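Visitor: This is the structure I want to talk about, given as structure tokens.
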Amino acid sequence: NEGLDYAAKARSDDLPFQLFRANGWEWHNRGMTTVQELAYVMASLTEIMREGMARGLDLGHLASNLSASIALPTNLFDGIAKCRALRRCWGGIVGALGLDPDAYRLFLQGAVSLRMFSLIDVEMNMLRITTALLGGAIGGADQLSSHPHDCLEGGSAESRRLARMQHYLLIEESGLSHSLDPSGGAGFIEARSNQLADSAWQLFQKIEGDGGAKAVYSSGQFNSLALKAAAKRHSRFAAGDLNLIGVNLQPDGRSMSLSLPHWCKVRRPAAVLEAIRQAAMYDPPRILILQGESGPSSELMKLRTLLEVGGIKPVQMRADEIKEQEIVIARPDLVILLENCFKGIEDFIPNSLKDLQGKGKVIGAMELLNSSGPIDILADIVGVDLEGFRKGDL
């Protein structure tokens, strides 16, 4: 409102360029889906136009001072389609006001998503940044903004320099700026852009039907959308349906730093595994993998990979090698049986392991591997409460 009041009093040539900006990037990092983010941006821009009309501002001049910021994801094609879909939706808004979309082109900033960043294997963030920036460049963003790949840890001089160089490479060497629409005419991109634009437009119309962006924001609906989307994303990640390279796919065994408080509102899927790995690092669980007389198996490799995702380092022994005293000294928190039961190895099982079985601390490997929520199991092993993640709060 202060900006609109200023615009109503100031001379037209005194207004700063891009005086108003709809920040979809922030809501993306708080959990919104792509469709929700685009609908939020359109509703916010429309709200500004509506408030400007109420103050008697010239719509054409106001439209030329509007801009938007959207998040660029690690998926190249989603980033391209996202930029193009917003262009089409903006054309629908200004066209309905009797303005020429080509004459009042929305200034679009594409900022790299922080939601996809991870503290685990931070070097992988460099590839995510590069792909995201390329999607924005091909999609036609007017401005690209990046972050150092280790910004969650504070950022180093080397990483900040690398982030700047990524911009220069796109500007100087890619040649993408020489084409108005590099991806125009590609069937897949056109279809994806149209689908995204249609879905975002429908949600935008619903927001308008509920009273517009100001009313929906005041009622908490935007925050509710972000929370529910973040919770749904966590459920997919916990079930193994959403992969992040270096996090739950091809995990890295190195230790990691804690996230800075500045990023606490960014609802990242990787955060749940970071919490699990931090707990495992500070209080390592004592895990014993008990194997029968058979040799290494695919079951054992899968089990070790799952535990590695959580930063858990188990001890492996053959049943016929175990002595009672060794179990007493080791005091395992959990025993995992590769054969899933004591059958066939009863003669080798010490009484102390049978006592653990009675306490529910002996489990079969397949019971772990076939679980619908492997991340829930890892969290139970190290004692991490996932309730906040399930609600989208974290």
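Ligands are numbered from 1 in the order shown, residues from 1 within each chain, and chains are lettered A, B, ... in the order they appear in the structure tokens.
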Could you pull out the strand (DSSP E) residues of stretch 172-369 of chain A, going by DSSP on the backbone, and write them as a PyMOL selection string?

Guide: chain A and resi 287-291+315-318+334-337+362-364

Visitor: Residues of stretch 23-126 of chain A in alpha helix (DSSP H) according to DSSP, as a PyMOL selection string?

Guide: chain A and resi 24-29+34-54+59-63+76-96+124-126

Visitor: Excluding A:Asp102 and residues on its chain fewer than 5 positions from it, collect all residues at most 10 Å away from it, counting only C-alpha atoms, and give them as a short mmCIF file (atom, residue, chain, number, x, y, z; two decimals) with all heavy atoms, in the first residue's frame.

Guide:
```cif
data_model
loop_
_atom_site.label_atom_id
_atom_site.label_comp_id
_atom_site.auth_asym_id
_atom_site.auth_seq_id
_atom_site.Cartn_x
_atom_site.Cartn_y
_atom_site.Cartn_z
N GLY A 91 0.08 -12.61 -19.93
CA GLY A 91 -0.60 -12.12 -21.13
C GLY A 91 -2.10 -12.15 -20.98
O GLY A 91 -2.80 -11.25 -21.46
N VAL A 94 -3.08 -8.99 -18.53
CA VAL A 94 -3.03 -7.65 -19.14
C VAL A 94 -3.94 -7.57 -20.36
O VAL A 94 -4.49 -6.50 -20.67
CB VAL A 94 -1.58 -7.27 -19.53
CG1 VAL A 94 -0.72 -7.14 -18.29
CG2 VAL A 94 -0.98 -8.27 -20.50
N GLY A 95 -4.14 -8.70 -21.05
CA GLY A 95 -5.06 -8.71 -22.18
C GLY A 95 -6.48 -8.41 -21.74
O GLY A 95 -7.24 -7.72 -22.42
#
```

Visitor: Just the number, please: distance in Å from atom CA of A:His167 to atom CA of A:Ser145, one decimal.

Guide: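 Going from atom CA of A:His167 over to atom CA of A:Ser145, I get 8.2 Å.
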
Visitor: Considering only C-alpha atoms, give me a table of residues in stretch 116-182 of chain A that are at most 12 Å from stretch 240-255 of chain A, with the closest atom pair and distance in Å for each, as a tab-separated table.

Guide:
```
residue	atom	partner	partner_atom	distance
A:Met116	CA	A:Leu244	CA	8.2
A:Phe117	CA	A:Leu244	CA	9.5
A:Ser118	CA	A:Val247	CA	7.5
A:Leu119	CA	A:Val247	CA	8.8
A:Ile120	CA	A:Val247	CA	6.0
A:Asp121	CA	A:Gly246	CA	5.6
A:Val122	CA	A:Gly246	CA	8.4
A:Glu123	CA	A:Gly246	CA	9.1
A:Met124	CA	A:Gly246	CA	6.8
A:Asn125	CA	A:Gly246	CA	9.5
A:Leu127	CA	A:Ile245	CA	10.3
A:Arg128	CA	A:Ile245	CA	9.9
```

Visitor: Just the residues within 7 Å of stretch 379-387 of chain A, please, counting only C-alpha atoms, with nothing from its chain fewer than 5 positions along; format it as an mmCIF file with all heavy atoms, in the first residue's frame.

Guide:
```cif
data_model
loop_
_atom_site.group_PDB
_atom_site.id
_atom_site.type_symbol
_atom_site.label_atom_id
_atom_site.label_comp_id
_atom_site.auth_asym_id
_atom_site.auth_seq_id
_atom_site.Cartn_x
_atom_site.Cartn_y
_atom_site.Cartn_z
ATOM 1 N N ILE A 276 18.485 -36.948 10.699
ATOM 2 C CA ILE A 276 18.795 -38.335 11.051
ATOM 3 C C ILE A 276 20.297 -38.557 11.096
ATOM 4 O O ILE A 276 20.830 -39.178 12.029
ATOM 5 C CB ILE A 276 18.123 -39.295 10.043
ATOM 6 C CG1 ILE A 276 16.596 -39.263 10.220
ATOM 7 C CG2 ILE A 276 18.647 -40.721 10.211
ATOM 8 C CD1 ILE A 276 15.840 -40.027 9.160
ATOM 9 N N ALA A 279 21.874 -36.937 14.128
ATOM 10 C CA ALA A 279 21.638 -37.729 15.333
ATOM 11 C C ALA A 279 22.544 -38.958 15.374
ATOM 12 O O ALA A 279 23.084 -39.316 16.423
ATOM 13 C CB ALA A 279 20.166 -38.154 15.397
ATOM 14 N N ALA A 280 22.722 -39.591 14.202
ATOM 15 C CA ALA A 280 23.593 -40.770 14.135
ATOM 16 C C ALA A 280 25.051 -40.396 14.357
ATOM 17 O O ALA A 280 25.838 -41.207 14.872
ATOM 18 C CB ALA A 280 23.422 -41.466 12.780
ATOM 19 N N PRO A 285 24.079 -45.225 16.819
ATOM 20 C CA PRO A 285 23.363 -46.408 17.297
ATOM 21 C C PRO A 285 24.211 -47.663 17.097
ATOM 22 O O PRO A 285 24.981 -47.754 16.133
ATOM 23 C CB PRO A 285 22.107 -46.437 16.416
ATOM 24 C CG PRO A 285 22.517 -45.760 15.153
ATOM 25 C CD PRO A 285 23.507 -44.701 15.557
#
```

Visitor: Neighbouring residues of stretch 179-184 of chain A were defined as those with any atom within 7 Å, considering only C-alpha atoms; residues of the same chain fewer than 2 positions away were excluded. Please report them as a list in words.

Guide: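 Returned residues: Ile138, Gly140, Leu176, Ser177, Ala186 and Ile189 of chain A.
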
Visitor: What is the atom CA of A:Leu368 to atom CA of A:Leu306 distance in Å?

Guide: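 Computing it gives 9.0 Å between the two atoms.
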
Visitor: My list of candidates is A:Leu260, A:Ala330, A:Leu45, A:Ile377. Which is closest to A:Glu153 when distances are computed with only C-alpha atoms?

Guide: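 Looking at the shortest contact to A:Glu153, the residue is A:Leu260.
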
Visitor: Under the rule of at most 10 Å, produce a per-residue listing of stretch 54-120 of chain A near stretch 196-201 of chain A: chain, number, name, the closest pair of atoms, and the distance in Å, as JSON lines, using only C-alpha atoms.

Guide:
```
{"residue": "A:Asp78", "atom": "CA", "partner": "A:Leu196", "partner_atom": "CA", "distance": 9.3}
{"residue": "A:Ala81", "atom": "CA", "partner": "A:Leu196", "partner_atom": "CA", "distance": 7.3}
{"residue": "A:Lys82", "atom": "CA", "partner": "A:Leu196", "partner_atom": "CA", "distance": 7.2}
{"residue": "A:Cys83", "atom": "CA", "partner": "A:Ala197", "partner_atom": "CA", "distance": 9.8}
{"residue": "A:Arg84", "atom": "CA", "partner": "A:Ala197", "partner_atom": "CA", "distance": 8.3}
{"residue": "A:Ala85", "atom": "CA", "partner": "A:Ala197", "partner_atom": "CA", "distance": 4.6}
{"residue": "A:Leu86", "atom": "CA", "partner": "A:Ala197", "partner_atom": "CA", "distance": 6.7}
{"residue": "A:Arg87", "atom": "CA", "partner": "A:Ala197", "partner_atom": "CA", "distance": 8.8}
{"residue": "A:Arg88", "atom": "CA", "partner": "A:Ala197", "partner_atom": "CA", "distance": 6.8}
{"residue": "A:Cys89", "atom": "CA", "partner": "A:Ala197", "partner_atom": "CA", "distance": 6.2}
{"residue": "A:Trp90", "atom": "CA", "partner": "A:Ala197", "partner_atom": "CA", "distance": 9.8}
{"residue": "A:Gly92", "atom": "CA", "partner": "A:Trp201", "partner_atom": "CA", "distance": 9.1}
{"residue": "A:Ile93", "atom": "CA", "partner": "A:Trp201", "partner_atom": "CA", "distance": 9.9}
```

Visitor: Mind dumping the selected residues with N, CA, C and O atoms as an mmCIF file, in the first residue's frame?

Guide:
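What ended up in selection_27.cif:
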```
data_model
loop_
_atom_site.group_PDB
_atom_site.id
_atom_site.type_symbol
_atom_site.label_atom_id
_atom_site.label_comp_id
_atom_site.auth_asym_id
_atom_site.auth_seq_id
_atom_site.Cartn_x
_atom_site.Cartn_y
_atom_site.Cartn_z
ATOM 1 N N ASP A 78 11.195 -28.461 -16.232
ATOM 2 C CA ASP A 78 10.228 -27.782 -15.372
ATOM 3 C C ASP A 78 10.561 -26.301 -15.263
ATOM 4 O O ASP A 78 9.658 -25.453 -15.236
ATOM 5 N N ALA A 81 9.511 -24.605 -18.620
ATOM 6 C CA ALA A 81 8.053 -24.504 -18.728
ATOM 7 C C ALA A 81 7.480 -23.501 -17.724
ATOM 8 O O ALA A 81 6.502 -22.804 -18.018
ATOM 9 N N LYS A 82 8.096 -23.414 -16.565
ATOM 10 C CA LYS A 82 7.606 -22.511 -15.521
ATOM 11 C C LYS A 82 7.693 -21.056 -15.967
ATOM 12 O O LYS A 82 6.736 -20.285 -15.812
ATOM 13 N N CYS A 83 8.826 -20.682 -16.534
ATOM 14 C CA CYS A 83 8.998 -19.308 -17.021
ATOM 15 C C CYS A 83 8.024 -19.006 -18.154
ATOM 16 O O CYS A 83 7.384 -17.944 -18.182
ATOM 17 N N ARG A 84 7.885 -19.935 -19.073
ATOM 18 C CA ARG A 84 7.027 -19.711 -20.233
ATOM 19 C C ARG A 84 5.555 -19.682 -19.825
ATOM 20 O O ARG A 84 4.754 -18.916 -20.382
ATOM 21 N N ALA A 85 5.177 -20.512 -18.856
ATOM 22 C CA ALA A 85 3.787 -20.551 -18.393
ATOM 23 C C ALA A 85 3.402 -19.228 -17.737
ATOM 24 O O ALA A 85 2.290 -18.719 -17.948
ATOM 25 N N LEU A 86 4.319 -18.649 -16.961
ATOM 26 C CA LEU A 86 4.013 -17.373 -16.320
ATOM 27 C C LEU A 86 3.851 -16.271 -17.361
ATOM 28 O O LEU A 86 2.989 -15.389 -17.220
ATOM 29 N N ARG A 87 4.655 -16.314 -18.403
ATOM 30 C CA ARG A 87 4.517 -15.327 -19.490
ATOM 31 C C ARG A 87 3.110 -15.402 -20.096
ATOM 32 O O ARG A 87 2.463 -14.382 -20.345
ATOM 33 N N ARG A 88 2.659 -16.625 -20.325
ATOM 34 C CA ARG A 88 1.341 -16.791 -20.952
ATOM 35 C C ARG A 88 0.228 -16.322 -20.019
ATOM 36 O O ARG A 88 -0.748 -15.687 -20.450
ATOM 37 N N CYS A 89 0.347 -16.635 -18.746
ATOM 38 C CA CYS A 89 -0.668 -16.207 -17.793
ATOM 39 C C CYS A 89 -0.685 -14.690 -17.642
ATOM 40 O O CYS A 89 -1.753 -14.077 -17.536
ATOM 41 N N TRP A 90 0.485 -14.075 -17.640
ATOM 42 C CA TRP A 90 0.548 -12.625 -17.567
ATOM 43 C C TRP A 90 -0.115 -11.995 -18.781
ATOM 44 O O TRP A 90 -0.805 -10.965 -18.670
ATOM 45 N N GLY A 92 -2.618 -13.191 -20.292
ATOM 46 C CA GLY A 92 -4.055 -13.261 -20.069
ATOM 47 C C GLY A 92 -4.556 -12.163 -19.147
ATOM 48 O O GLY A 92 -5.661 -11.635 -19.330
ATOM 49 N N ILE A 93 -3.746 -11.777 -18.168
ATOM 50 C CA ILE A 93 -4.150 -10.735 -17.222
ATOM 51 C C ILE A 93 -4.181 -9.371 -17.889
ATOM 52 O O ILE A 93 -5.180 -8.648 -17.826
#
```

Visitor: Within 12 Å of A:Ala365, counting only C-alpha atoms, which residues qualify if same-chain residues fewer than 2 places away don't, as a VMD selection string?

Guide: chain A and resid 288 to 291 297 to 304 306 to 307 334 to 341 362 to 363 367 to 371 374 377

Visitor: May I have the residues from that selection written out with N, CA, C and O atoms, as a compact mmCIF listing (two decimals), in the first residue's frame?

Guide:
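Ended up saving to result.txt:
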```txt
# COMPACT_ATOMS: atom_id res chain seq x y z
N LEU A 288 23.81 -54.42 14.94
CA LEU A 288 24.48 -55.69 14.62
C LEU A 288 23.72 -56.38 13.51
O LEU A 288 22.52 -56.65 13.62
N ILE A 289 24.39 -56.62 12.38
CA ILE A 289 23.80 -57.40 11.29
C ILE A 289 24.27 -58.84 11.48
O ILE A 289 25.47 -59.12 11.47
N LEU A 290 23.32 -59.73 11.66
CA LEU A 290 23.62 -61.13 11.93
C LEU A 290 23.35 -61.96 10.69
O LEU A 290 22.25 -61.95 10.14
N GLN A 291 24.38 -62.65 10.25
CA GLN A 291 24.32 -63.41 9.01
C GLN A 291 24.48 -64.89 9.31
O GLN A 291 25.22 -65.28 10.22
N SER A 297 25.06 -61.22 -0.02
CA SER A 297 23.88 -61.31 -0.88
C SER A 297 23.42 -59.92 -1.27
O SER A 297 23.86 -58.91 -0.71
N SER A 298 22.51 -59.87 -2.24
CA SER A 298 21.94 -58.59 -2.65
C SER A 298 21.14 -57.98 -1.51
O SER A 298 21.07 -56.75 -1.36
N GLU A 299 20.57 -58.83 -0.68
CA GLU A 299 19.82 -58.36 0.49
C GLU A 299 20.75 -57.58 1.43
O GLU A 299 20.38 -56.51 1.94
N LEU A 300 21.95 -58.09 1.62
CA LEU A 300 22.92 -57.43 2.49
C LEU A 300 23.35 -56.09 1.90
O LEU A 300 23.47 -55.08 2.62
N MET A 301 23.58 -56.05 0.59
CA MET A 301 23.99 -54.79 -0.06
C MET A 301 22.91 -53.73 0.05
O MET A 301 23.19 -52.56 0.33
N LYS A 302 21.65 -54.12 -0.13
CA LYS A 302 20.55 -53.17 -0.03
C LYS A 302 20.42 -52.65 1.41
O LYS A 302 20.16 -51.47 1.63
N LEU A 303 20.61 -53.56 2.36
CA LEU A 303 20.51 -53.17 3.76
C LEU A 303 21.60 -52.17 4.13
O LEU A 303 21.34 -51.16 4.80
N ARG A 304 22.81 -52.44 3.70
CA ARG A 304 23.91 -51.53 4.00
C ARG A 304 23.70 -50.16 3.34
O ARG A 304 24.03 -49.12 3.91
N LEU A 306 20.79 -48.75 2.69
CA LEU A 306 19.75 -48.07 3.46
C LEU A 306 20.32 -47.45 4.73
O LEU A 306 20.05 -46.29 5.04
N LEU A 307 21.12 -48.20 5.45
CA LEU A 307 21.72 -47.68 6.68
C LEU A 307 22.71 -46.55 6.38
O LEU A 307 22.84 -45.59 7.15
N LEU A 334 20.04 -52.68 18.25
CA LEU A 334 19.17 -53.37 17.29
C LEU A 334 19.97 -54.46 16.61
O LEU A 334 21.13 -54.25 16.25
N VAL A 335 19.34 -55.61 16.43
CA VAL A 335 19.95 -56.73 15.71
C VAL A 335 19.12 -56.98 14.46
O VAL A 335 17.89 -57.11 14.54
N ILE A 336 19.78 -57.03 13.31
CA ILE A 336 19.09 -57.26 12.05
C ILE A 336 19.52 -58.62 11.52
O ILE A 336 20.71 -58.88 11.33
N LEU A 337 18.54 -59.49 11.28
CA LEU A 337 18.80 -60.84 10.79
C LEU A 337 18.64 -60.86 9.28
O LEU A 337 17.59 -60.49 8.75
N LEU A 338 19.67 -61.30 8.59
CA LEU A 338 19.58 -61.39 7.14
C LEU A 338 18.60 -62.47 6.71
O LEU A 338 17.95 -62.35 5.68
N GLU A 339 18.52 -63.53 7.50
CA GLU A 339 17.61 -64.62 7.14
C GLU A 339 16.20 -64.39 7.65
O GLU A 339 15.32 -65.24 7.49
N ASN A 340 16.00 -63.24 8.32
CA ASN A 340 14.68 -62.83 8.79
C ASN A 340 14.13 -63.62 9.98
O ASN A 340 13.09 -63.29 10.50
N CYS A 341 14.77 -64.70 10.37
CA CYS A 341 14.29 -65.46 11.52
C CYS A 341 15.45 -66.26 12.09
O CYS A 341 16.51 -66.39 11.48
N VAL A 362 15.08 -57.24 17.79
CA VAL A 362 15.60 -58.10 16.73
C VAL A 362 14.60 -58.05 15.58
O VAL A 362 13.40 -58.28 15.77
N ILE A 363 15.08 -57.71 14.39
CA ILE A 363 14.19 -57.53 13.25
C ILE A 363 14.82 -58.16 12.02
O ILE A 363 16.04 -58.24 11.89
N GLU A 367 12.08 -57.13 6.45
CA GLU A 367 11.06 -56.29 7.08
C GLU A 367 11.44 -54.82 6.96
O GLU A 367 10.59 -53.95 6.79
N LEU A 368 12.74 -54.56 7.02
CA LEU A 368 13.22 -53.20 6.82
C LEU A 368 13.16 -52.79 5.36
O LEU A 368 12.67 -51.71 5.02
N LEU A 369 13.65 -53.65 4.50
CA LEU A 369 13.78 -53.31 3.08
C LEU A 369 12.43 -53.19 2.40
O LEU A 369 12.29 -52.43 1.44
N ASN A 370 11.44 -53.95 2.84
CA ASN A 370 10.12 -53.92 2.21
C ASN A 370 9.18 -52.91 2.84
O ASN A 370 8.01 -52.83 2.48
N SER A 371 9.68 -52.14 3.80
CA SER A 371 8.84 -51.17 4.46
C SER A 371 8.42 -50.06 3.50
O SER A 371 9.17 -49.66 2.61
N PRO A 374 10.96 -46.25 4.59
CA PRO A 374 12.31 -46.53 5.10
C PRO A 374 12.88 -45.39 5.95
O PRO A 374 13.64 -45.64 6.88
N ILE A 377 11.84 -45.68 9.51
CA ILE A 377 12.60 -46.70 10.23
C ILE A 377 13.95 -46.13 10.68
O ILE A 377 14.37 -46.34 11.83
```

Visitor: Quick one: of A:Leu378, A:Ala63, A:Ala239, A:Met256, who's nearest to A:Pro269, counting only C-alpha atoms?

Guide: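 When distances to A:Pro269 are compared using only C-alpha atoms, the smallest one comes from A:Ala239.
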